[in-house]
file run.csv (CSV, C-alpha atoms and all ligand atoms)
chain,number,residue,atom,x,y,z
A,212,MET,CA,0.0,0.0,0.0
A,213,THR,CA,1.4,3.4,-1.0
A,214,VAL,CA,1.1,6.4,1.3
A,215,THR,CA,1.6,10.0,0.3
A,216,ILE,CA,3.0,12.2,3.1
A,217,ASP,CA,0.8,15.2,3.3
A,218,ARG,CA,1.5,16.9,6.7
A,219,ILE,CA,4.6,17.1,8.8
A,220,GLU,CA,4.3,18.4,12.4
A,221,CYS,CA,6.7,18.6,15.3
A,222,TRP,CA,6.3,19.6,18.9
A,223,VAL,CA,9.0,20.7,21.3
A,224,HIS,CA,8.3,19.9,24.9
A,225,ARG,CA,10.4,20.5,28.0
A,226,ALA,CA,9.3,19.2,31.4
A,227,PRO,CA,10.9,20.6,34.6
A,228,ILE,CA,12.3,18.1,37.1
A,229,ASP,CA,13.2,18.5,40.8
A,230,VAL,CA,16.6,16.9,40.7
A,231,PRO,CA,19.0,17.3,37.7
A,232,VAL,CA,20.1,14.1,36.0
A,233,ALA,CA,23.9,13.9,36.4
A,234,ASN,CA,26.1,12.1,33.9
A,235,ALA,CA,29.9,11.9,33.5
A,236,PHE,CA,29.6,14.3,30.5
A,237,GLY,CA,27.2,16.8,32.0
A,238,ALA,CA,23.9,17.3,33.7
A,239,MET,CA,20.3,17.5,32.4
A,240,SER,CA,18.3,20.1,34.4
A,241,ASN,CA,15.0,19.4,32.6
A,242,ARG,CA,13.6,16.8,30.3
A,243,PRO,CA,13.1,17.8,26.6
A,244,ALA,CA,11.3,15.9,24.0
A,245,LEU,CA,10.9,16.6,20.2
A,246,TRP,CA,8.0,14.6,18.7
A,247,LEU,CA,7.3,14.4,15.0
A,248,ARG,CA,4.1,13.3,13.3
A,249,LEU,CA,3.6,12.4,9.7
A,250,THR,CA,0.1,12.4,8.3
A,251,ASP,CA,-0.7,10.9,4.9
A,252,SER,CA,-3.2,12.0,2.3
A,253,ASP,CA,-5.8,9.6,3.7
A,254,GLY,CA,-5.5,10.9,7.2
A,255,GLY,CA,-3.3,8.1,8.6
A,256,SER,CA,-0.5,9.1,10.9
A,257,GLY,CA,2.6,7.9,12.6
A,258,TRP,CA,4.9,9.2,15.4
A,259,GLY,CA,8.6,9.5,16.0
A,260,GLU,CA,10.9,11.1,18.5
A,261,VAL,CA,14.2,13.0,17.8
A,262,PHE,CA,17.1,12.7,20.3
A,263,CYS,CA,17.6,16.0,22.0
A,264,ASN,CA,18.7,15.2,25.5
A,265,PHE,CA,22.0,17.1,25.3
A,266,PRO,CA,22.7,19.9,25.1
A,267,GLN,CA,19.6,21.1,26.8
A,268,VAL,CA,19.0,23.9,24.2
A,269,GLY,CA,19.1,21.5,21.2
A,270,ALA,CA,15.4,20.6,20.8
A,271,GLU,CA,14.3,23.9,19.3
A,272,HIS,CA,17.2,23.8,16.8
A,273,ARG,CA,16.3,20.4,15.6
A,274,ALA,CA,12.7,21.4,15.2
A,275,ARG,CA,13.8,24.3,13.0
A,276,LEU,CA,16.0,22.0,11.0
A,277,ILE,CA,12.9,19.8,10.3
A,278,ASP,CA,11.0,22.9,9.3
A,279,SER,CA,13.5,24.4,6.9
A,280,LEU,CA,15.2,21.3,5.4
A,281,PHE,CA,13.2,18.2,5.9
A,282,VAL,CA,9.6,19.3,5.3
A,283,PRO,CA,10.3,20.3,1.7
A,284,LEU,CA,11.9,16.8,1.2
A,285,LEU,CA,8.9,15.0,2.8
A,286,LYS,CA,5.9,16.9,1.6
A,287,GLY,CA,4.1,14.9,-1.1
A,288,LEU,CA,6.6,12.0,-0.9
A,289,GLU,CA,5.0,8.6,-1.9
A,290,ALA,CA,6.3,5.4,-0.3
A,291,SER,CA,5.0,1.9,0.4
A,292,ASP,CA,7.4,1.2,3.3
A,293,PRO,CA,9.9,3.1,5.5
A,294,ALA,CA,13.1,2.1,3.7
A,295,PRO,CA,12.9,4.3,0.6
A,296,VAL,CA,12.0,7.3,2.8
A,297,ARG,CA,15.1,6.9,4.9
A,298,ALA,CA,17.2,6.3,1.9
A,299,HIS,CA,15.8,9.4,0.2
A,300,LEU,CA,16.5,11.6,3.2
A,301,GLU,CA,20.0,10.3,3.7
A,302,ARG,CA,20.8,10.8,0.1
A,303,ARG,CA,19.4,14.4,-0.1
A,304,THR,CA,20.8,15.6,3.2
A,305,HIS,CA,24.2,13.9,3.2
A,306,ARG,CA,26.2,16.8,1.8
A,307,MET,CA,24.1,19.4,3.7
A,308,ALA,CA,25.0,17.7,7.0
A,309,ILE,CA,28.7,17.7,6.1
A,310,GLN,CA,28.5,21.4,5.0
A,311,CYS,CA,27.0,22.6,8.3
A,312,GLY,CA,29.0,20.2,10.4
A,313,GLU,CA,25.9,18.7,11.9
A,314,PRO,CA,25.7,15.0,10.9
A,315,GLY,CA,24.3,14.2,14.4
A,316,PRO,CA,21.1,16.3,14.3
A,317,PHE,CA,20.5,15.3,10.7
A,318,ALA,CA,20.8,11.6,11.6
A,319,GLN,CA,18.6,12.1,14.7
A,320,ILE,CA,15.8,13.6,12.6
A,321,ILE,CA,16.0,10.9,9.9
A,322,GLY,CA,15.8,8.3,12.8
A,323,ALA,CA,12.6,9.9,14.0
A,324,VAL,CA,11.1,10.0,10.5
A,325,ASP,CA,11.9,6.3,10.1
A,326,GLN,CA,10.1,5.6,13.4
A,327,ALA,CA,7.1,7.6,12.2
A,328,MET,CA,7.0,5.7,8.9
A,329,TRP,CA,7.0,2.4,10.7
A,330,ASP,CA,4.2,3.5,13.0
A,331,LEU,CA,2.2,4.9,10.0
A,332,CYS,CA,2.7,1.8,7.8
A,333,ALA,CA,2.0,-0.7,10.6
A,334,ARG,CA,-1.2,1.2,11.5
A,335,ARG,CA,-2.3,1.1,7.9
A,336,ALA,CA,-1.7,-2.7,7.9
A,337,GLY,CA,-3.6,-3.0,11.2
A,338,GLN,CA,-0.6,-4.6,12.9
A,339,PRO,CA,1.7,-3.7,15.9
A,340,VAL,CA,5.1,-2.5,14.7
A,341,TRP,CA,6.9,-5.4,16.3
A,342,ARG,CA,5.0,-7.9,14.1
A,343,TYR,CA,4.9,-5.7,11.0
A,344,ALA,CA,8.7,-5.2,11.2
A,345,GLY,CA,9.7,-8.8,11.6
A,346,GLY,CA,7.3,-10.6,13.9
A,347,GLY,CA,9.9,-11.6,16.4
A,348,ARG,CA,8.0,-11.7,19.6
A,349,ALA,CA,5.5,-9.6,21.6
A,350,CYS,CA,7.6,-9.0,24.7
A,351,VAL,CA,11.0,-7.5,25.8
A,352,ARG,CA,13.1,-7.6,28.9
A,353,PRO,CA,13.5,-4.1,30.4
A,354,TYR,CA,16.3,-2.8,32.6
A,355,ALA,CA,16.3,0.2,34.8
A,356,SER,CA,18.9,2.7,33.6
A,357,GLY,CA,20.5,6.0,34.4
A,358,ILE,CA,20.9,5.2,38.2
A,359,GLY,CA,23.2,7.3,40.4
A,360,PRO,CA,25.5,8.9,41.3
A,361,ASP,CA,23.1,9.9,44.1
A,362,GLY,CA,20.3,8.0,45.7
A,363,VAL,CA,21.3,4.6,44.3
A,364,ALA,CA,19.7,2.3,46.8
A,365,GLU,CA,16.5,4.4,46.9
A,366,THR,CA,16.1,4.3,43.1
A,367,VAL,CA,16.8,0.6,42.8
A,368,ARG,CA,14.3,-0.3,45.5
A,369,ALA,CA,11.6,1.8,43.9
A,370,ARG,CA,12.2,0.2,40.5
A,371,TRP,CA,12.4,-3.3,42.0
A,372,GLN,CA,8.9,-2.6,43.3
A,373,GLN,CA,7.8,-1.9,39.7
A,374,GLY,CA,9.1,-5.3,38.5
A,375,TYR,CA,12.6,-4.5,37.2
A,376,ARG,CA,15.2,-7.2,37.7
A,377,ALA,CA,18.2,-5.6,36.0
A,378,PHE,CA,19.8,-2.2,36.9
A,379,LYS,CA,22.4,0.1,35.3
A,380,LEU,CA,24.6,2.3,37.3
A,381,LYS,CA,26.3,5.4,36.0
A,382,LEU,CA,30.1,5.5,36.6
A,383,GLY,CA,32.7,8.1,35.8
A,384,PHE,CA,32.5,10.1,39.0
A,385,GLY,CA,35.9,9.1,40.4
A,386,LEU,CA,37.1,5.8,41.7
A,387,GLU,CA,36.0,6.2,45.3
A,388,ARG,CA,32.5,7.3,44.4
A,389,ASP,CA,32.1,4.7,41.7
A,390,LEU,CA,33.2,1.8,44.0
A,391,ALA,CA,30.9,3.0,46.8
A,392,ASN,CA,27.9,3.1,44.4
A,393,LEU,CA,28.7,-0.3,43.0
A,394,ALA,CA,28.8,-1.7,46.5
A,395,GLU,CA,25.6,0.0,47.4
A,396,MET,CA,23.8,-1.3,44.3
A,397,ARG,CA,25.1,-4.8,44.8
A,398,SER,CA,24.0,-4.8,48.4
A,399,VAL,CA,20.4,-4.0,47.4
A,400,ILE,CA,20.1,-6.3,44.4
A,401,GLY,CA,22.1,-9.3,45.7
A,402,PRO,CA,24.9,-11.2,43.9
A,403,ASP,CA,22.9,-12.6,41.0
A,404,THR,CA,20.8,-9.8,39.6
A,405,PRO,CA,22.3,-8.2,36.4
A,406,LEU,CA,24.2,-5.0,37.3
A,407,MET,CA,25.2,-3.0,34.2
A,408,CYS,CA,27.7,-0.1,34.3
A,409,ASP,CA,27.8,3.0,32.1
A,410,ALA,CA,30.9,5.1,32.1
A,411,ASN,CA,29.5,7.5,29.4
A,412,GLN,CA,32.9,7.8,27.7
A,413,ALA,CA,34.6,9.0,30.9
A,414,TRP,CA,38.0,7.3,30.6
A,415,ASP,CA,41.1,7.0,28.4
A,416,LEU,CA,42.5,3.6,27.7
A,417,SER,CA,44.8,3.4,30.7
A,418,GLU,CA,42.1,4.7,33.1
A,419,ALA,CA,39.6,2.2,31.6
A,420,ARG,CA,42.0,-0.7,32.1
A,421,ALA,CA,42.5,0.3,35.7
A,422,MET,CA,38.7,0.8,36.3
A,423,LEU,CA,37.7,-2.5,34.7
A,424,GLU,CA,40.1,-4.3,37.0
A,425,ALA,CA,38.9,-2.4,40.1
A,426,ILE,CA,35.2,-3.1,39.4
A,427,GLU,CA,35.5,-6.7,38.3
A,428,VAL,CA,34.8,-7.9,41.9
A,429,PHE,CA,31.2,-6.5,41.5
A,430,LYS,CA,30.6,-8.7,38.5
A,431,PRO,CA,29.2,-6.1,36.1
A,432,PHE,CA,26.9,-7.6,33.5
A,433,TRP,CA,28.4,-5.2,31.0
A,434,VAL,CA,30.6,-2.0,31.0
A,435,GLU,CA,29.2,0.6,28.6
A,436,GLU,CA,31.3,3.2,26.8
A,437,PRO,CA,34.4,2.8,28.9
A,438,LEU,CA,36.2,4.7,26.1
A,439,ALA,CA,35.0,7.6,23.9
A,440,ALA,CA,33.0,6.2,21.0
A,441,ASP,CA,35.5,7.7,18.5
A,442,ARG,CA,38.7,6.1,19.9
A,443,PRO,CA,40.4,3.9,17.4
A,444,LEU,CA,39.2,0.3,17.2
A,445,SER,CA,42.7,-0.8,18.2
A,446,GLU,CA,42.1,0.7,21.7
A,447,TRP,CA,38.7,-1.0,22.0
A,448,ARG,CA,40.3,-4.3,21.0
A,449,GLU,CA,43.1,-3.8,23.4
A,450,LEU,CA,40.7,-3.1,26.3
A,451,ALA,CA,38.4,-6.0,25.4
A,452,ALA,CA,41.4,-8.3,25.3
A,453,SER,CA,42.8,-7.2,28.6
A,454,SER,CA,39.6,-7.7,30.6
A,455,PRO,CA,37.1,-10.5,31.0
A,456,LEU,CA,34.3,-8.0,31.4
A,457,ALA,CA,31.7,-7.6,28.6
A,458,LEU,CA,31.8,-4.3,26.8
A,459,ALA,CA,28.8,-2.4,25.4
A,460,ALA,CA,28.5,0.6,23.1
A,461,GLY,CA,26.4,2.1,20.3
A,462,GLU,CA,24.5,5.2,21.4
A,463,ASN,CA,27.3,7.3,20.0
A,464,ILE,CA,28.1,5.3,16.9
A,465,ARG,CA,26.6,6.7,13.8
A,466,GLY,CA,26.3,5.0,10.4
A,467,GLU,CA,26.1,1.4,9.3
A,468,GLY,CA,29.8,1.3,8.4
A,469,ASP,CA,31.0,2.4,11.8
A,470,PHE,CA,28.6,-0.1,13.5
A,471,LEU,CA,29.7,-3.0,11.4
A,472,ALA,CA,33.4,-2.1,11.9
A,473,MET,CA,32.9,-2.1,15.6
A,474,LEU,CA,31.0,-5.4,15.6
A,475,ASP,CA,33.4,-7.1,13.2
A,476,ALA,CA,36.3,-6.0,15.4
A,477,GLY,CA,34.9,-8.3,18.0
A,478,CYS,CA,35.1,-5.8,20.9
A,479,LEU,CA,31.5,-5.8,22.0
A,480,ARG,CA,29.1,-8.3,23.5
A,481,PHE,CA,26.2,-5.8,23.6
A,482,VAL,CA,25.4,-3.3,20.9
A,483,GLN,CA,23.2,-0.3,21.6
A,484,PRO,CA,21.9,1.8,18.6
A,485,ASP,CA,19.5,4.5,19.5
A,486,VAL,CA,16.3,4.8,17.3
A,487,GLY,CA,16.4,8.6,17.8
A,488,LYS,CA,20.1,9.1,17.1
A,489,TRP,CA,20.8,7.1,14.0
A,490,GLY,CA,18.8,4.8,11.7
A,491,GLY,CA,15.5,4.7,13.4
A,492,LEU,CA,14.1,1.1,13.6
A,493,SER,CA,15.4,0.3,10.1
A,494,GLY,CA,19.0,0.9,11.0
A,495,GLY,CA,18.7,-0.7,14.4
A,496,LEU,CA,17.3,-3.8,12.9
A,497,GLN,CA,20.1,-4.0,10.3
A,498,ILE,CA,22.6,-3.8,13.1
A,499,ALA,CA,20.7,-6.3,15.2
A,500,ARG,CA,20.8,-8.9,12.4
A,501,ARG,CA,24.6,-8.5,12.0
A,502,ALA,CA,25.0,-8.6,15.8
A,503,ARG,CA,23.1,-11.8,16.1
A,504,ALA,CA,25.2,-13.5,13.5
A,505,LEU,CA,28.2,-12.6,15.7
A,506,GLY,CA,26.7,-13.6,19.0
A,507,VAL,CA,26.3,-10.0,20.1
A,508,ALA,CA,23.1,-9.0,21.9
A,509,TYR,CA,21.0,-6.1,20.6
A,510,CYS,CA,20.1,-3.7,23.4
A,511,PRO,CA,18.6,-0.5,22.0
A,512,HIS,CA,19.6,2.6,23.8
A,513,TRP,CA,16.9,5.1,24.9
A,514,LEU,CA,16.7,7.7,27.6
A,515,ALA,CA,14.1,10.3,26.6
A,516,GLY,CA,10.3,10.5,26.0
A,517,GLY,CA,7.7,7.9,25.7
A,518,LEU,CA,7.3,7.8,21.9
A,519,GLY,CA,11.0,6.9,21.3
A,520,LEU,CA,10.8,4.4,24.2
A,521,ALA,CA,7.8,2.6,22.5
A,522,ALA,CA,9.7,2.6,19.2
A,523,SER,CA,12.8,1.2,20.9
A,524,MET,CA,10.9,-1.6,22.5
A,525,HIS,CA,9.1,-2.5,19.3
A,526,ALA,CA,12.5,-2.6,17.5
A,527,LEU,CA,13.9,-5.0,20.1
A,528,ALA,CA,10.7,-7.2,20.0
A,529,ALA,CA,10.8,-7.2,16.1
A,530,SER,CA,14.4,-8.3,16.2
A,531,GLY,CA,13.5,-11.5,18.0
A,532,ASP,CA,16.8,-11.2,20.0
A,533,THR,CA,16.0,-13.0,23.3
A,534,GLN,CA,19.4,-12.0,24.7
A,535,GLY,CA,18.6,-8.3,24.2
A,536,TRP,CA,17.6,-5.8,26.9
A,537,ALA,CA,15.4,-2.7,26.5
A,538,GLU,CA,16.8,0.4,28.3
A,539,VAL,CA,14.3,2.3,30.4
A,540,ASP,CA,15.3,5.5,32.2
A,541,ALA,CA,14.8,5.1,36.0
A,542,ASN,CA,14.7,8.9,36.5
A,543,PRO,CA,11.4,10.8,36.6
A,544,ASN,CA,10.3,12.2,33.2
A,545,PRO,CA,6.6,13.0,32.7
A,546,LEU,CA,7.1,13.1,29.0
A,547,ARG,CA,7.9,9.3,29.2
A,548,GLU,CA,5.6,8.2,32.0
A,549,SER,CA,2.5,9.9,30.7
A,550,ILE,CA,2.9,8.9,27.1
A,551,PHE,CA,4.0,5.2,27.4
A,552,PRO,CA,2.9,3.7,30.6
A,553,PHE,CA,3.5,-0.1,30.8
A,554,GLN,CA,3.5,-2.9,33.3
A,555,ILE,CA,6.3,-5.4,34.0
A,556,GLN,CA,5.3,-9.0,34.6
A,557,ASP,CA,7.7,-11.7,35.3
A,558,GLY,CA,10.5,-9.4,34.2
A,559,LEU,CA,8.9,-8.7,30.8
A,560,VAL,CA,7.0,-5.9,29.1
A,561,THR,CA,4.4,-7.2,26.6
A,562,LEU,CA,3.7,-4.9,23.7
A,563,GLY,CA,0.3,-6.2,22.7
A,564,ASP,CA,-1.5,-6.2,19.4
A,565,ALA,CA,-2.7,-2.5,19.0
A,566,PRO,CA,-1.7,-1.2,15.6
A,567,GLY,CA,1.6,0.8,15.2
A,568,PHE,CA,3.4,1.5,18.4
A,569,GLY,CA,0.0,1.1,20.1
A,570,LEU,CA,-0.2,4.7,21.5
A,571,GLU,CA,-1.5,8.1,20.7
A,572,PRO,CA,0.0,10.9,22.8
A,573,ASP,CA,-2.4,13.1,24.6
A,574,LEU,CA,-1.1,16.5,23.5
A,575,GLU,CA,-3.5,18.4,25.6
A,576,ALA,CA,-2.3,16.7,28.7
A,577,CYS,CA,1.3,17.7,27.7
A,578,ARG,CA,0.3,21.4,27.1
A,579,ALA,CA,2.0,22.7,30.2
A,580,TRP,CA,5.3,21.5,28.9
A,581,ARG,CA,4.9,22.6,25.3
A,582,ILE,CA,7.5,25.1,24.0
A,583,ASP,CA,6.7,25.1,20.3
A,584,HIS,CA,4.6,23.5,17.6
A,585,HIS,CA,5.5,23.6,13.9
A,586,ARG,CA,3.0,22.4,11.3
A,587,VAL,CA,3.2,22.2,7.5
A,588,GLY,CA,0.4,20.8,5.4
A,601,MG,MG,24.9,4.9,27.9

call {"tool": "encode", "arguments": {"input": "run.csv", "output": "structure tokens"}}
result
Amino acid sequence: MTVTIDRIECWVHRAPIDVPVANAFGAMSNRPALWLRLTDSDGGSGWGEVFCNFPQVGAEHRARLIDSLFVPLLKGLEASDPAPVRAHLERRTHRMAIQCGEPGPFAQIIGAVDQAMWDLCARRAGQPVWRYAGGGRACVRPYASGIGPDGVAETVRARWQQGYRAFKLKLGFGLERDLANLAEMRSVIGPDTPLMCDANQAWDLSEARAMLEAIEVFKPFWVEEPLAADRPLSEWRELAASSPLALAAGENIRGEGDFLAMLDAGCLRFVQPDVGKWGGLSGGLQIARRARALGVAYCPHWLAGGLGLAASMHALAASGDTQGWAEVDANPNPLRESIFPFQIQDGLVTLGDAPGFGLEPDLEACRAWRIDHHRVG
């Protein structure tokens, strides 16, 4: 079935939070979300979310990029599935992105358009995206992410109550602090519950080697971004070879070539593309297929609003990777919680059979957080 894209809209939201979210690279003092809706000429629609967590001022800029450069490329476009739309946008914006030195925001927007096309096409077909995109399985394993550096035990206990049985701690706040937080988390979750660690690119190679040795006693399930994502593959290989701990990365890798090079280098046991940073569902599923052939688990990264979280979970479910984990932010974010509420049963989230991503955001309910609304068509 061919759809003709008729209307392109985006909404910038920003929700205040009481406690800033601290990371090794910087803090987030509020929770932004940039949502995009495509409407076709028959009135069908689909939703996507653009990464805009950091810097905090970036959401409005990406919305203006959509307005000025992407709307003209999308308006009136005909397609029968998401792949040609993504290919068209990548081809037409490739040189622009180089020219303005902004390949990241361009890739993030294309990722959201791809999500919206999957939602739109799956709704048209009357199927949930997870089935329409591959039919893997209806459920995913979530883990509670973004925990620390403060209030570790308190956050873990609250999320345990909600059914989470795997937890990720933020590292990169100094050896003493990191070790104390690891000990605190282990003491709450016990010796056998998966405990993931995320250094957010905090260390150089020698620091990473020393840190991995120091934290091995806590049996981390994986160590995420122990090095900057753009460090040479030789460093990643060296680190992977010098430690028995499993390494994870992907949220800051962009482009199929770079993902495949990283996977083929054999450094990772978990790969984490982000549907709102590069490739949308289509790119994520391409990476998931290659990862599976190499025995690497697909664990889509997501730490923003509810639309992208739904897209991320559908991508994992569609991949059929039973070793994968879906990242769910443990920090408060009304733009996630109010848009995509879900239950965890026996450690799993079941996505159900509702068409598309199975949700329609209540924009009126989000009005208090709205900064801007752009509409063309
Ligand atoms: Mg991370």

call {"tool": "closest_atom_pairs", "arguments": {"input": "run.csv", "of": "segment 346-415 of chain A", "to": "segment 529-534 of chain A", "cutoff": "12 Å", "atoms": "only C-alpha atoms", "output": "tab-separated table"}}
result
residue	atom	partner	partner_atom	distance
A:Gly346	CA	A:Ala529	CA	5.4
A:Gly347	CA	A:Gly531	CA	3.9
A:Arg348	CA	A:Gly531	CA	5.7
A:Ala349	CA	A:Ala529	CA	8.0
A:Cys350	CA	A:Gly531	CA	9.3
A:Val351	CA	A:Thr533	CA	7.8
A:Arg352	CA	A:Thr533	CA	8.3
A:Pro353	CA	A:Gln534	CA	11.4

call {"tool": "closest_residue", "arguments": {"input": "run.csv", "among": "A:Ala439, A:Leu386, A:Ala336, A:Ala419", "to": "ligand MG 601 (chain A)", "atoms": "all atoms listed in the file"}}
result
A:Ala439

call {"tool": "closest_atom_pairs", "arguments": {"input": "run.csv", "of": "chain A", "to": "ligand MG 601 (chain A)", "cutoff": "8 Å", "atoms": "all atoms listed in the file", "output": "JSON lines"}}
result
{"residue": "A:Gly357", "atom": "CA", "partner": "A:MG601", "partner_atom": "MG", "distance": 7.9}
{"residue": "A:Asp409", "atom": "CA", "partner": "A:MG601", "partner_atom": "MG", "distance": 5.4}
{"residue": "A:Ala410", "atom": "CA", "partner": "A:MG601", "partner_atom": "MG", "distance": 7.3}
{"residue": "A:Asn411", "atom": "CA", "partner": "A:MG601", "partner_atom": "MG", "distance": 5.5}
{"residue": "A:Glu435", "atom": "CA", "partner": "A:MG601", "partner_atom": "MG", "distance": 6.1}
{"residue": "A:Glu436", "atom": "CA", "partner": "A:MG601", "partner_atom": "MG", "distance": 6.7}
{"residue": "A:Ala460", "atom": "CA", "partner": "A:MG601", "partner_atom": "MG", "distance": 7.4}
{"residue": "A:Glu462", "atom": "CA", "partner": "A:MG601", "partner_atom": "MG", "distance": 6.5}
{"residue": "A:His512", "atom": "CA", "partner": "A:MG601", "partner_atom": "MG", "distance": 7.1}

call {"tool": "closest_residue", "arguments": {"input": "run.csv", "among": "A:Ala244, A:Leu520, A:Leu546, A:Ala377", "to": "Trp222 of chain A", "atoms": "all atoms listed in the file"}}
result
A:Ala244

call {"tool": "residues_near_point", "arguments": {"input": "run.csv", "point": "(31.8, -2.3, 27.0)", "cutoff": "10 Å", "atoms": "all atoms listed in the file", "output": "MDAnalysis selection string"}}
result
chainID A and resid 407:410 423 432:438 447 450:451 456:461 478:482

call {"tool": "axis_aligned_box", "arguments": {"input": "run.csv", "around": "segment 271-279 of chain A", "padding_each_side": "6 Å", "output": "JSON"}}
result
{"center_x": 14.1, "center_y": 22.1, "center_z": 13.1, "size_x": 18.2, "size_y": 16.6, "size_z": 24.4}

call {"tool": "closest_residue", "arguments": {"input": "run.csv", "among": "A:His224, A:Thr404, A:Ala235, A:Ala355", "to": "Ala576 of chain A", "atoms": "only C-alpha atoms"}}
result
A:His224

call {"tool": "closest_atom_pairs", "arguments": {"input": "run.csv", "of": "segment 306-370 of chain A", "to": "segment 253-274 of chain A", "cutoff": "9 Å", "atoms": "all atoms listed in the file", "output": "tab-separated table"}}
result
residue	atom	partner	partner_atom	distance
A:Pro316	CA	A:Arg273	CA	6.4
A:Phe317	CA	A:Arg273	CA	8.2
A:Gln319	CA	A:Val261	CA	5.5
A:Ile320	CA	A:Val261	CA	5.5
A:Ile321	CA	A:Val261	CA	8.4
A:Gly322	CA	A:Val261	CA	7.0
A:Ala323	CA	A:Gly259	CA	4.5
A:Val324	CA	A:Gly259	CA	6.1
A:Asp325	CA	A:Gly259	CA	7.5
A:Gln326	CA	A:Gly259	CA	4.9
A:Ala327	CA	A:Trp258	CA	4.2
A:Met328	CA	A:Gly257	CA	6.2
A:Trp329	CA	A:Gly257	CA	7.3
A:Asp330	CA	A:Gly257	CA	4.7
A:Leu331	CA	A:Gly257	CA	4.0
A:Cys332	CA	A:Gly257	CA	7.8
A:Ala333	CA	A:Gly257	CA	8.8
A:Arg334	CA	A:Gly255	CA	7.8
A:Arg335	CA	A:Gly255	CA	7.1

call {"tool": "residues_around", "arguments": {"input": "run.csv", "residues": "segment 363-369 of chain A", "least_positions_apart": "6", "cutoff": "9 Å", "atoms": "all atoms listed in the file", "output": "PyMOL selection string"}}
result
chain A and resi 355+375+378+380+392-393+395-396+398-400+541-542

call {"tool": "closest_residue", "arguments": {"input": "run.csv", "among": "A:Ala504, A:Val428, A:Ile555, A:Leu249", "to": "Arg370 of chain A", "atoms": "all atoms listed in the file"}}
result
A:Ile555

call {"tool": "closest_residue", "arguments": {"input": "run.csv", "among": "A:Cys577, A:Arg420, A:Pro484, A:Ser356", "to": "Pro455 of chain A", "atoms": "only C-alpha atoms"}}
result
A:Arg420

call {"tool": "closest_residue", "arguments": {"input": "run.csv", "among": "A:Ala298, A:Ala452, A:Cys221, A:Ala515", "to": "Pro545 of chain A", "atoms": "all atoms listed in the file"}}
result
A:Ala515

call {"tool": "atom_distance", "arguments": {"input": "run.csv", "atom1": "atom CA of Ala318 of chain A", "atom2": "atom CA of Trp489 of chain A"}}
result
5.1 Å

call {"tool": "atom_distance", "arguments": {"input": "run.csv", "atom1": "atom CA of Arg275 of chain A", "atom2": "atom CA of Phe470 of chain A"}}
result
28.5 Å

call {"tool": "atom_distance", "arguments": {"input": "run.csv", "atom1": "atom CA of Gln483 of chain A", "atom2": "atom CA of Gly495 of chain A"}}
result
8.5 Å

call {"tool": "residues_around", "arguments": {"input": "run.csv", "residues": "Arg218 of chain A", "least_positions_apart": "5", "cutoff": "8 Å", "atoms": "all atoms listed in the file", "output": "VMD selection string"}}
result
chain A and resid 248 to 251 286 586 to 588

call {"tool": "residues_around", "arguments": {"input": "run.csv", "residues": "Gly563 of chain A", "least_positions_apart": "3", "cutoff": "12 Å", "atoms": "all atoms listed in the file", "output": "list in words"}}
result
Gln338, Pro339, Val340, Trp341, Arg342, Arg348, Ala349, Cys350, Val351, Ala521, Met524, His525, Ala528, Phe553, Gln554, Val560, Pro566, Gly567, Phe568, Gly569 and Leu570 of chain A

call {"tool": "build_atoms", "arguments": {"input": "run.csv", "residues": "segment 253-262 of chain A", "atoms": "N, CA and C atoms", "output": "mmCIF file, keeping the file's coordinate frame"}}
result
data_model
loop_
_atom_site.group_PDB
_atom_site.id
_atom_site.type_symbol
_atom_site.label_atom_id
_atom_site.label_comp_id
_atom_site.auth_asym_id
_atom_site.auth_seq_id
_atom_site.Cartn_x
_atom_site.Cartn_y
_atom_site.Cartn_z
ATOM 1 N N ASP A 253 -4.529 10.189 3.257
ATOM 2 C CA ASP A 253 -5.800 9.600 3.700
ATOM 3 C C ASP A 253 -6.096 9.802 5.155
ATOM 4 N N GLY A 254 -5.264 10.594 5.811
ATOM 5 C CA GLY A 254 -5.500 10.900 7.200
ATOM 6 C C GLY A 254 -4.832 9.949 8.197
ATOM 7 N N GLY A 255 -4.100 8.964 7.684
ATOM 8 C CA GLY A 255 -3.300 8.100 8.600
ATOM 9 C C GLY A 255 -2.130 8.796 9.125
ATOM 10 N N SER A 256 -1.682 8.400 10.307
ATOM 11 C CA SER A 256 -0.500 9.100 10.900
ATOM 12 C C SER A 256 0.416 8.176 11.602
ATOM 13 N N GLY A 257 1.626 8.692 11.843
ATOM 14 C CA GLY A 257 2.600 7.900 12.600
ATOM 15 C C GLY A 257 3.546 8.880 13.331
ATOM 16 N N TRP A 258 4.081 8.390 14.462
ATOM 17 C CA TRP A 258 4.900 9.200 15.400
ATOM 18 C C TRP A 258 6.322 8.768 15.474
ATOM 19 N N GLY A 259 7.196 9.772 15.682
ATOM 20 C CA GLY A 259 8.600 9.500 16.000
ATOM 21 C C GLY A 259 9.156 10.486 16.937
ATOM 22 N N GLU A 260 10.299 10.167 17.542
ATOM 23 C CA GLU A 260 10.900 11.100 18.500
ATOM 24 C C GLU A 260 12.395 11.296 18.148
ATOM 25 N N VAL A 261 12.794 12.564 18.156
ATOM 26 C CA VAL A 261 14.200 13.000 17.800
ATOM 27 C C VAL A 261 14.989 13.049 19.113
ATOM 28 N N PHE A 262 16.181 12.473 19.145
ATOM 29 C CA PHE A 262 17.100 12.700 20.300
ATOM 30 C C PHE A 262 17.351 14.145 20.494
#
